[in-house]
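Asker: Submitted below is the structure of interest, expressed as structure tokens.
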Amino acid sequence: MKKNTVKPDAVKHSAYKNGTQQAIGLADSAMGRWIVLAVAFTNGFVIMSIELLGGRVMAPYFGSSVYVWGSIITVFMLSLSLGYLWGGRLSTRLPEVRLFAGFFLAAALLCLPIIFFAEPVMTRIFVSVEDPRYGSLITAGLLYFLPICVMGMVSPYSVRLLVLSQESSGGVAGMLYFVSTLGSALGTLGTSFYFVLWFNLDQVMWGCVIALLCCGAAVMWTHQRINAVAAQNTSKRGVS
Amino acid sequence: MRGSGFVLVLALLVWFGLDNRAVAQRTIIHEERSQYRDVVVTEFNNQRCMLFNVHRGDMNQTCIDLRDPRRLVFNYTRMSFAGLLLNPEPKRILVAGLGGGTIPTVMRELFPEARIDVLEVDQAVVTVAKQYFNFVEDEQLVNHVVDARVFIKRAGLRGEQYDYIVLDAFSGEYIPEHLLTREFLEEVSQILTPDGVLVANTFASSGLYDYESVTYQAVFGEFFNFKTAGSGNRIILAKKQALPSAAELNAPARQLYARVRPYGINMLDNPAQLRTRPDRHVNTRINTDQYSPANLLN
């Protein structure tokens, strides 16, 4: 992350043309900051929940041997790493709250194939790939790469939305890592200890989809609220 | 302060000392590195045992009697041969879970004509079974290092059939949850011949008992429950066809008696111990691929 480019880039962006920072930030209202942290937490939670379920999704076809977990973790790490890279790049080129909300919508939609097409996909791969190591690796790639990649983009992008100055960038990034990794920890714990005991796999997956959609909606709603308040303030100032 | 530190160190020394002594009673003769958990071979009192988690006081996975290697040391191993009452002359045998290779080795001796496939996910267990437990592969008895679910699903696609299937993959600390689901049992049923028998070694007393029962019931209908006093295991004997009455099993028991006696199995006792009466809560949830929290229920 090129932190020293944050300032000039932000200035370049159209939202800053009127000299205020409110439009892309979400950062200058407390509610906006809380929402970004909350969705980063949820995002981390959902990622690990889906990862843990992945083992159960794939076990009927590829077993639960150490290879299967190896495949899942490899694919998740790879997806996240590329997500971080692309999310970071997008955040410098196109910092838009609406795009941020779009990540959650996209991630939710990209999770649906895990619910609806996992079985036929795994059947095809099971038949054509004998070795369960590569079978599970290919399956994990097909099912999880896209949604997890998009979820990975959330992290650097939310840093971009919250950072107002170079000095605060490390603190903001640290805070975001903190909440999203805390979310991951709780997602892991909740899923492995409780959710699999209370729900079917697909029900937990639907929970993840709904949580992601709620994140997107919350971001959009907050964005509009903040804009509305800002517009009100501006018009008041105009009158006086 | 210094005094309490000394006491603490002393307590730790005593604790470790005791711990070591508990292990040292049994001589560790081999440790095999594994992708899953290291496999340890111990010897004590003329018994050689395979253990998975020696430091946490894990139970023996499998043992052989060094003075009389044919005698089956464990009760549940002897019990599992009750499956022969339902199919006295198996020709195609599948054993999921190798351990020390006791069950497949005995089957190989009893039925020299039969073709036996063994499934074991951990290569280290296979290595140890061969080196220390007299497990020998040949053209009739073949071990496959593979997850049982994967092998059975593939066997189903190839249209292969077995007339005697033993599921013995549940004796470890961690239960393979994908081997306890309705879908898995349906895949097993698919490779079972119409007159074949399924022998499953499971737990007699755990939170899993009812779940397991209703899941087997859902796929196979009525099955024989085989429990003996003092054994933590129960054997499930299931068929695709209707079960014979327990009285009908007396004839095969007499016929098998002499052949299995050298292994310490008293086949004549078995028919009277098989029960079909449900001893479970029938409204328990069935385990499926969607819902199989076996390790949390256990």
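Lettering and numbering for the structure tokens are positional, with chains as A, B, ... in the shown order, residues counted from 1 in each chain, and ligands counted from 1 in the shown order.
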Could you give me, as JSON lines, every region 60-164 of chain A residue with an atom at most 10 Å from region 195-218 of chain A, plus its closest atom pair and distance in Å to one decimal, counting only C-alpha atoms, rows ordered by chain then number?

Answerer:
```
{"residue": "A:Val97", "atom": "CA", "partner": "A:Gly216", "partner_atom": "CA", "distance": 9.9}
{"residue": "A:Arg98", "atom": "CA", "partner": "A:Gly216", "partner_atom": "CA", "distance": 8.8}
{"residue": "A:Leu99", "atom": "CA", "partner": "A:Gly216", "partner_atom": "CA", "distance": 9.6}
{"residue": "A:Phe100", "atom": "CA", "partner": "A:Gly216", "partner_atom": "CA", "distance": 7.7}
{"residue": "A:Ala101", "atom": "CA", "partner": "A:Gly216", "partner_atom": "CA", "distance": 4.3}
{"residue": "A:Gly102", "atom": "CA", "partner": "A:Gly216", "partner_atom": "CA", "distance": 6.6}
{"residue": "A:Phe103", "atom": "CA", "partner": "A:Gly216", "partner_atom": "CA", "distance": 7.5}
{"residue": "A:Phe104", "atom": "CA", "partner": "A:Gly216", "partner_atom": "CA", "distance": 5.1}
{"residue": "A:Leu105", "atom": "CA", "partner": "A:Leu213", "partner_atom": "CA", "distance": 5.7}
{"residue": "A:Ala106", "atom": "CA", "partner": "A:Leu213", "partner_atom": "CA", "distance": 9.0}
{"residue": "A:Ala107", "atom": "CA", "partner": "A:Leu212", "partner_atom": "CA", "distance": 7.1}
{"residue": "A:Ala108", "atom": "CA", "partner": "A:Val209", "partner_atom": "CA", "distance": 4.7}
{"residue": "A:Leu109", "atom": "CA", "partner": "A:Val209", "partner_atom": "CA", "distance": 7.5}
{"residue": "A:Leu110", "atom": "CA", "partner": "A:Val209", "partner_atom": "CA", "distance": 9.1}
{"residue": "A:Cys111", "atom": "CA", "partner": "A:Val209", "partner_atom": "CA", "distance": 6.7}
{"residue": "A:Leu112", "atom": "CA", "partner": "A:Val209", "partner_atom": "CA", "distance": 7.6}
{"residue": "A:Ile114", "atom": "CA", "partner": "A:Met205", "partner_atom": "CA", "distance": 8.2}
{"residue": "A:Ile115", "atom": "CA", "partner": "A:Asp202", "partner_atom": "CA", "distance": 6.2}
{"residue": "A:Phe116", "atom": "CA", "partner": "A:Asp202", "partner_atom": "CA", "distance": 9.2}
{"residue": "A:Met151", "atom": "CA", "partner": "A:Leu212", "partner_atom": "CA", "distance": 9.4}
```

Asker: Residues of the last selection are to be written out with all heavy atoms, as a short mmCIF file (atom, residue, chain, number, x, y, z; two decimals), in the first residue's frame.

Answerer:
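What landed in result-v4.cif:
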```cif
data_model
loop_
_atom_site.label_atom_id
_atom_site.label_comp_id
_atom_site.auth_asym_id
_atom_site.auth_seq_id
_atom_site.Cartn_x
_atom_site.Cartn_y
_atom_site.Cartn_z
N VAL A 97 -18.01 5.13 -2.37
CA VAL A 97 -18.75 4.35 -1.38
C VAL A 97 -19.67 3.36 -2.06
O VAL A 97 -19.85 2.23 -1.61
CB VAL A 97 -19.54 5.29 -0.44
CG1 VAL A 97 -20.40 4.48 0.51
CG2 VAL A 97 -18.59 6.16 0.34
N ARG A 98 -20.23 3.79 -3.19
CA ARG A 98 -21.15 2.89 -3.88
C ARG A 98 -20.44 1.61 -4.36
O ARG A 98 -21.00 0.53 -4.34
CB ARG A 98 -21.81 3.59 -5.06
CG ARG A 98 -23.28 3.84 -4.80
CD ARG A 98 -23.93 4.50 -5.97
NE ARG A 98 -23.44 5.87 -6.11
CZ ARG A 98 -23.75 6.65 -7.14
NH1 ARG A 98 -24.51 6.20 -8.11
NH2 ARG A 98 -23.30 7.89 -7.20
N LEU A 99 -19.19 1.77 -4.81
CA LEU A 99 -18.42 0.58 -5.22
C LEU A 99 -18.15 -0.32 -4.03
O LEU A 99 -18.23 -1.55 -4.10
CB LEU A 99 -17.10 1.02 -5.88
CG LEU A 99 -16.22 -0.12 -6.39
CD1 LEU A 99 -16.93 -0.94 -7.46
CD2 LEU A 99 -14.91 0.42 -6.94
N PHE A 100 -17.87 0.32 -2.90
CA PHE A 100 -17.63 -0.42 -1.66
C PHE A 100 -18.86 -1.28 -1.33
O PHE A 100 -18.75 -2.48 -1.04
CB PHE A 100 -17.34 0.58 -0.53
CG PHE A 100 -16.93 -0.06 0.77
CD1 PHE A 100 -15.81 -0.87 0.85
CD2 PHE A 100 -17.67 0.18 1.92
CE1 PHE A 100 -15.43 -1.44 2.06
CE2 PHE A 100 -17.28 -0.38 3.14
CZ PHE A 100 -16.17 -1.19 3.20
N ALA A 101 -20.03 -0.66 -1.39
CA ALA A 101 -21.27 -1.41 -1.15
C ALA A 101 -21.43 -2.51 -2.20
O ALA A 101 -21.90 -3.61 -1.90
CB ALA A 101 -22.47 -0.48 -1.18
N GLY A 102 -20.99 -2.20 -3.44
CA GLY A 102 -21.09 -3.17 -4.52
C GLY A 102 -20.29 -4.43 -4.25
O GLY A 102 -20.69 -5.52 -4.65
N PHE A 103 -19.16 -4.29 -3.55
CA PHE A 103 -18.36 -5.48 -3.21
C PHE A 103 -19.22 -6.49 -2.45
O PHE A 103 -19.14 -7.70 -2.69
CB PHE A 103 -17.17 -5.11 -2.32
CG PHE A 103 -16.09 -4.35 -3.01
CD1 PHE A 103 -15.21 -3.55 -2.28
CD2 PHE A 103 -15.92 -4.41 -4.39
CE1 PHE A 103 -14.20 -2.85 -2.90
CE2 PHE A 103 -14.90 -3.71 -5.01
CZ PHE A 103 -14.04 -2.92 -4.26
N PHE A 104 -20.00 -5.97 -1.52
CA PHE A 104 -20.79 -6.89 -0.68
C PHE A 104 -21.89 -7.55 -1.49
O PHE A 104 -22.16 -8.74 -1.34
CB PHE A 104 -21.37 -6.14 0.53
CG PHE A 104 -20.31 -5.70 1.49
CD1 PHE A 104 -19.84 -4.40 1.47
CD2 PHE A 104 -19.75 -6.60 2.37
CE1 PHE A 104 -18.84 -4.01 2.34
CE2 PHE A 104 -18.75 -6.21 3.24
CZ PHE A 104 -18.29 -4.91 3.23
N LEU A 105 -22.51 -6.76 -2.35
CA LEU A 105 -23.54 -7.34 -3.23
C LEU A 105 -22.93 -8.43 -4.10
O LEU A 105 -23.45 -9.54 -4.22
CB LEU A 105 -24.17 -6.23 -4.09
CG LEU A 105 -25.22 -6.70 -5.09
CD1 LEU A 105 -26.44 -7.25 -4.35
CD2 LEU A 105 -25.63 -5.55 -6.01
N ALA A 106 -21.75 -8.10 -4.71
CA ALA A 106 -21.09 -9.06 -5.59
C ALA A 106 -20.69 -10.32 -4.82
O ALA A 106 -20.92 -11.45 -5.28
CB ALA A 106 -19.85 -8.42 -6.22
N ALA A 107 -20.13 -10.11 -3.63
CA ALA A 107 -19.70 -11.28 -2.83
C ALA A 107 -20.91 -12.16 -2.51
O ALA A 107 -20.83 -13.39 -2.61
CB ALA A 107 -19.01 -10.82 -1.55
N ALA A 108 -22.03 -11.52 -2.14
CA ALA A 108 -23.24 -12.29 -1.80
C ALA A 108 -23.69 -13.10 -3.00
O ALA A 108 -23.99 -14.30 -2.89
CB ALA A 108 -24.35 -11.36 -1.33
N LEU A 109 -23.72 -12.46 -4.18
CA LEU A 109 -24.17 -13.18 -5.37
C LEU A 109 -23.20 -14.30 -5.73
O LEU A 109 -23.62 -15.39 -6.13
CB LEU A 109 -24.31 -12.21 -6.55
CG LEU A 109 -25.41 -11.15 -6.41
CD1 LEU A 109 -25.42 -10.21 -7.60
CD2 LEU A 109 -26.77 -11.81 -6.24
N LEU A 110 -21.90 -14.04 -5.56
CA LEU A 110 -20.90 -15.06 -5.92
C LEU A 110 -20.91 -16.24 -4.95
O LEU A 110 -20.34 -17.29 -5.24
CB LEU A 110 -19.51 -14.42 -5.99
CG LEU A 110 -19.30 -13.48 -7.19
CD1 LEU A 110 -18.02 -12.67 -7.02
CD2 LEU A 110 -19.27 -14.27 -8.49
N CYS A 111 -21.53 -16.04 -3.79
CA CYS A 111 -21.66 -17.17 -2.85
C CYS A 111 -22.78 -18.12 -3.26
O CYS A 111 -22.80 -19.28 -2.83
CB CYS A 111 -21.96 -16.65 -1.44
SG CYS A 111 -20.50 -16.06 -0.61
N LEU A 112 -23.72 -17.62 -4.05
CA LEU A 112 -24.88 -18.46 -4.38
C LEU A 112 -24.49 -19.75 -5.10
O LEU A 112 -25.07 -20.79 -4.83
CB LEU A 112 -25.89 -17.65 -5.19
CG LEU A 112 -26.54 -16.49 -4.42
CD1 LEU A 112 -27.51 -15.73 -5.31
CD2 LEU A 112 -27.25 -16.99 -3.17
N ILE A 114 -22.13 -21.61 -4.53
CA ILE A 114 -21.70 -22.61 -3.54
C ILE A 114 -22.92 -23.37 -3.04
O ILE A 114 -22.87 -24.57 -2.78
CB ILE A 114 -20.97 -21.92 -2.36
CG1 ILE A 114 -19.76 -21.14 -2.86
CG2 ILE A 114 -20.54 -22.94 -1.31
CD1 ILE A 114 -19.15 -20.21 -1.83
N ILE A 115 -24.05 -22.64 -2.92
CA ILE A 115 -25.27 -23.29 -2.44
C ILE A 115 -25.90 -24.14 -3.56
O ILE A 115 -26.31 -25.27 -3.33
CB ILE A 115 -26.28 -22.25 -1.94
CG1 ILE A 115 -25.66 -21.45 -0.79
CG2 ILE A 115 -27.58 -22.91 -1.50
CD1 ILE A 115 -26.49 -20.27 -0.31
N PHE A 116 -25.95 -23.58 -4.77
CA PHE A 116 -26.75 -24.22 -5.82
C PHE A 116 -25.96 -25.17 -6.71
O PHE A 116 -26.50 -26.12 -7.23
CB PHE A 116 -27.44 -23.16 -6.68
CG PHE A 116 -28.49 -22.40 -5.92
CD1 PHE A 116 -28.32 -21.07 -5.61
CD2 PHE A 116 -29.65 -23.05 -5.50
CE1 PHE A 116 -29.28 -20.38 -4.89
CE2 PHE A 116 -30.62 -22.37 -4.79
CZ PHE A 116 -30.43 -21.02 -4.49
N MET A 151 -14.30 -10.50 -1.28
CA MET A 151 -14.29 -10.17 0.15
C MET A 151 -12.92 -9.66 0.59
O MET A 151 -12.82 -8.83 1.50
CB MET A 151 -14.72 -11.38 0.98
CG MET A 151 -16.21 -11.69 0.83
SD MET A 151 -16.71 -13.08 1.88
CE MET A 151 -17.61 -14.05 0.71
#
```

Asker: Could you give me, as a PyMOL selection string, the residues within 10 Å of region 190-194 of chain B, counting only C-alpha atoms and dropping anything in the same chain fewer than 4 positions from it?

Answerer: chain B and resi 92-94+152-165+184-186+198+239-241

Asker: Write a file of the selected residues as a short mmCIF file (atom, residue, chain, number, x, y, z; two decimals), in the first residue's frame, keeping N, CA, C and O atoms.

Answerer:
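Just written: out-v9.cif:
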```cif
data_model
loop_
_atom_site.label_atom_id
_atom_site.label_comp_id
_atom_site.auth_asym_id
_atom_site.auth_seq_id
_atom_site.Cartn_x
_atom_site.Cartn_y
_atom_site.Cartn_z
N ARG B 92 -16.53 -61.03 -1.81
CA ARG B 92 -15.92 -59.71 -2.04
C ARG B 92 -16.05 -58.92 -0.76
O ARG B 92 -17.15 -58.54 -0.36
N ILE B 93 -14.93 -58.66 -0.12
CA ILE B 93 -14.95 -58.05 1.22
C ILE B 93 -14.31 -56.66 1.16
O ILE B 93 -13.28 -56.46 0.51
N LEU B 94 -14.94 -55.69 1.82
CA LEU B 94 -14.39 -54.34 1.92
C LEU B 94 -14.27 -53.99 3.40
O LEU B 94 -15.24 -54.10 4.14
N ILE B 152 -15.45 -45.46 -1.82
CA ILE B 152 -16.78 -46.08 -1.94
C ILE B 152 -17.62 -45.37 -3.00
O ILE B 152 -18.32 -46.00 -3.79
N LYS B 153 -17.51 -44.06 -3.06
CA LYS B 153 -18.23 -43.32 -4.10
C LYS B 153 -17.76 -43.76 -5.49
O LYS B 153 -18.55 -43.98 -6.40
N ARG B 154 -16.43 -43.90 -5.62
CA ARG B 154 -15.88 -44.32 -6.91
C ARG B 154 -16.28 -45.75 -7.25
O ARG B 154 -16.60 -46.07 -8.40
N ALA B 155 -16.26 -46.62 -6.25
CA ALA B 155 -16.66 -48.01 -6.47
C ALA B 155 -18.11 -48.05 -6.95
O ALA B 155 -18.46 -48.85 -7.83
N GLY B 156 -18.94 -47.18 -6.39
CA GLY B 156 -20.33 -47.11 -6.81
C GLY B 156 -20.46 -46.69 -8.27
O GLY B 156 -21.25 -47.25 -9.03
N LEU B 157 -19.64 -45.70 -8.67
CA LEU B 157 -19.68 -45.25 -10.06
C LEU B 157 -19.23 -46.35 -11.01
O LEU B 157 -19.73 -46.47 -12.13
N ARG B 158 -18.26 -47.16 -10.56
CA ARG B 158 -17.77 -48.26 -11.41
C ARG B 158 -18.72 -49.45 -11.38
O ARG B 158 -18.51 -50.42 -12.10
N GLY B 159 -19.74 -49.39 -10.51
CA GLY B 159 -20.70 -50.49 -10.42
C GLY B 159 -20.16 -51.70 -9.69
O GLY B 159 -20.63 -52.81 -9.88
N GLU B 160 -19.15 -51.50 -8.84
CA GLU B 160 -18.60 -52.63 -8.10
C GLU B 160 -19.51 -53.00 -6.93
O GLU B 160 -20.24 -52.16 -6.42
N GLN B 161 -19.45 -54.27 -6.54
CA GLN B 161 -20.31 -54.74 -5.47
C GLN B 161 -19.50 -55.58 -4.48
O GLN B 161 -18.61 -56.33 -4.88
N TYR B 162 -19.83 -55.43 -3.22
CA TYR B 162 -19.22 -56.23 -2.16
C TYR B 162 -20.33 -56.93 -1.39
O TYR B 162 -21.41 -56.36 -1.21
N ASP B 163 -20.04 -58.15 -0.94
CA ASP B 163 -21.08 -58.83 -0.16
C ASP B 163 -20.77 -58.83 1.33
O ASP B 163 -21.52 -59.42 2.13
N TYR B 164 -19.67 -58.16 1.73
CA TYR B 164 -19.35 -58.06 3.15
C TYR B 164 -18.56 -56.77 3.36
O TYR B 164 -17.44 -56.63 2.88
N ILE B 165 -19.18 -55.81 4.03
CA ILE B 165 -18.52 -54.51 4.21
C ILE B 165 -18.38 -54.22 5.70
O ILE B 165 -19.34 -54.31 6.45
N PHE B 184 -23.72 -41.04 2.87
CA PHE B 184 -22.62 -42.01 2.85
C PHE B 184 -23.17 -43.43 2.92
O PHE B 184 -22.77 -44.31 2.17
N LEU B 185 -24.12 -43.65 3.84
CA LEU B 185 -24.67 -44.99 3.98
C LEU B 185 -25.42 -45.41 2.72
O LEU B 185 -25.44 -46.59 2.36
N GLU B 186 -26.01 -44.44 2.02
CA GLU B 186 -26.66 -44.77 0.75
C GLU B 186 -25.62 -45.19 -0.28
O GLU B 186 -25.86 -46.11 -1.07
N LEU B 198 -23.60 -55.41 6.06
CA LEU B 198 -22.77 -54.29 6.49
C LEU B 198 -22.52 -54.43 7.99
O LEU B 198 -23.46 -54.57 8.77
N LYS B 239 -28.55 -55.22 6.68
CA LYS B 239 -28.70 -55.84 5.36
C LYS B 239 -29.66 -55.02 4.54
O LYS B 239 -30.46 -54.26 5.07
N LYS B 240 -29.60 -55.18 3.23
CA LYS B 240 -30.60 -54.52 2.39
C LYS B 240 -31.90 -55.32 2.40
O LYS B 240 -32.99 -54.77 2.32
N GLN B 241 -31.76 -56.64 2.49
CA GLN B 241 -32.94 -57.49 2.58
C GLN B 241 -33.45 -57.52 4.02
O GLN B 241 -32.77 -57.06 4.93
#
```

Asker: Please identify the alpha helix (DSSP H) residues within region 12-99 of chain A (assignment by DSSP from backbone atoms) and present them as a ChimeraX atom specification.

Answerer: /A:12,22-25,30-62,66-93,97-99

Asker: Given a cut-off of 10 Å, which residues of chain A touch chain B, counting only C-alpha atoms, written out as an NGL selection string?

Answerer: :A and (53 or 56-67 or 126-127 or 130-132 or 192-203)

Asker: Please measure the separation of CA of Val118 (chain B) and CA of Tyr132 (chain B), giving the value in Å to one decimal.

Answerer: 17.6 Å

Asker: Residues near Arg182 (chain B), anyone? I mean within 12 Å using only C-alpha atoms, not counting same-chain ones fewer than 6 positions away, as a CSV table (one decimal) with N, CA and C atoms, in the first residue's frame.

Answerer:
```csv
chain,number,residue,atom,x,y,z
A,60,PRO,N,-17.8,-35.0,1.3
A,60,PRO,CA,-18.5,-36.2,0.7
A,60,PRO,C,-17.8,-36.6,-0.6
B,188,VAL,N,-22.8,-46.6,0.5
B,188,VAL,CA,-22.4,-48.0,0.9
B,188,VAL,C,-23.4,-49.0,0.5
B,189,SER,N,-24.7,-48.6,0.7
B,189,SER,CA,-25.8,-49.5,0.3
B,189,SER,C,-25.7,-49.8,-1.2
B,211,TYR,N,-28.4,-40.6,17.2
B,211,TYR,CA,-28.2,-40.0,15.8
B,211,TYR,C,-27.8,-41.1,14.9
B,212,GLU,N,-26.8,-41.9,15.3
B,212,GLU,CA,-26.3,-43.0,14.5
B,212,GLU,C,-27.4,-44.0,14.2
B,213,SER,N,-28.1,-44.3,15.3
B,213,SER,CA,-29.2,-45.4,15.1
B,213,SER,C,-30.2,-44.9,14.1
B,214,VAL,N,-30.7,-43.7,14.2
B,214,VAL,CA,-31.8,-43.3,13.3
B,214,VAL,C,-31.2,-43.1,11.9
B,215,THR,N,-30.0,-42.8,11.7
B,215,THR,CA,-29.4,-42.7,10.4
B,215,THR,C,-29.3,-44.0,9.7
B,216,TYR,N,-28.8,-45.0,10.4
B,216,TYR,CA,-28.7,-46.4,9.9
B,216,TYR,C,-30.1,-46.9,9.6
B,217,GLN,N,-31.1,-46.6,10.5
B,217,GLN,CA,-32.5,-47.0,10.3
B,217,GLN,C,-33.0,-46.4,9.0
B,218,ALA,N,-32.7,-45.2,8.8
B,218,ALA,CA,-33.3,-44.5,7.6
B,218,ALA,C,-32.8,-45.1,6.3
B,219,VAL,N,-31.6,-45.7,6.3
B,219,VAL,CA,-31.1,-46.2,5.1
B,219,VAL,C,-31.4,-47.7,4.9
B,220,PHE,N,-31.2,-48.4,6.0
B,220,PHE,CA,-31.3,-49.9,6.0
B,220,PHE,C,-32.5,-50.5,6.6
B,285,ARG,N,-32.7,-36.3,15.1
B,285,ARG,CA,-32.4,-35.9,13.8
B,285,ARG,C,-31.5,-36.8,13.1
B,286,ILE,N,-31.7,-37.1,11.8
B,286,ILE,CA,-30.9,-38.0,11.0
B,286,ILE,C,-29.6,-37.2,10.6
B,287,ASN,N,-28.5,-37.8,10.6
B,287,ASN,CA,-27.2,-37.1,10.2
B,287,ASN,C,-27.2,-37.1,8.6
B,288,THR,N,-27.0,-36.0,8.1
B,288,THR,CA,-26.8,-35.9,6.6
B,288,THR,C,-25.6,-35.1,6.3
B,289,ASP,N,-25.3,-35.0,5.0
B,289,ASP,CA,-24.1,-34.3,4.6
B,289,ASP,C,-24.3,-32.8,4.9
B,290,GLN,N,-25.6,-32.4,5.0
B,290,GLN,CA,-25.9,-31.0,5.4
B,290,GLN,C,-25.7,-30.8,7.0
B,291,TYR,N,-25.9,-31.9,7.7
B,291,TYR,CA,-25.9,-31.8,9.1
B,291,TYR,C,-25.3,-33.0,9.7
B,292,SER,N,-24.0,-32.9,10.2
B,292,SER,CA,-23.3,-34.0,10.7
B,292,SER,C,-22.3,-33.5,11.8
```

Asker: With only C-alpha atoms as the counted atoms, please give the residues lying no more than 10 Å from Met153 (chain A), apart from itself and same-chain residues fewer than 2 positions off, as a list of chain:residue names.

Answerer: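 Using only C-alpha atoms, the neighbours found are A:Ser79, A:Leu80, A:Ser81, A:Leu82, A:Gly83, A:Tyr84, A:Leu85, A:Trp86, A:Gly87, A:Gly88, A:Arg89, A:Leu90, A:Ser91, A:Phe100, A:Phe103, A:Phe104, A:Ile148, A:Cys149, A:Val150, A:Met151, A:Ser155, A:Pro156, A:Tyr157, A:Ser158.
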
Asker: Write down as a PyMOL selection string the residues belonging to region 24-114 of chain B that are assigned strand (DSSP E) by DSSP computed on the backbone.

Answerer: chain B and resi 27-32+39-44+47-51+60-65+92-96

Asker: Quote the spacing between CA of Arg33 (chain B) and CA of Leu52 (chain A) in Å to one decimal place.

Answerer: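 Pair CA of Arg33 (chain B) / CA of Leu52 (chain A) returns 26.4 Å.
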
Asker: Set the distance at 7 Å and use only C-alpha atoms: which residues neighbour Tyr257 (chain B) once local chain neighbours fewer than 5 positions away are removed? I'd like the list as a PyMOL selection string.

Answerer: chain B and resi 266-268

Asker: Write the residues of the selection above to a file with C-alpha atoms, as a PDB file, in the first residue's frame.

Answerer:
```pdb
ATOM      1  CA  ASN B 266     -17.394 -67.854  20.563  1.00  0.00           C
ATOM      2  CA  MET B 267     -19.882 -67.684  17.730  1.00  0.00           C
ATOM      3  CA  LEU B 268     -22.524 -69.743  19.550  1.00  0.00           C
TER       4      LEU B 268
END
```
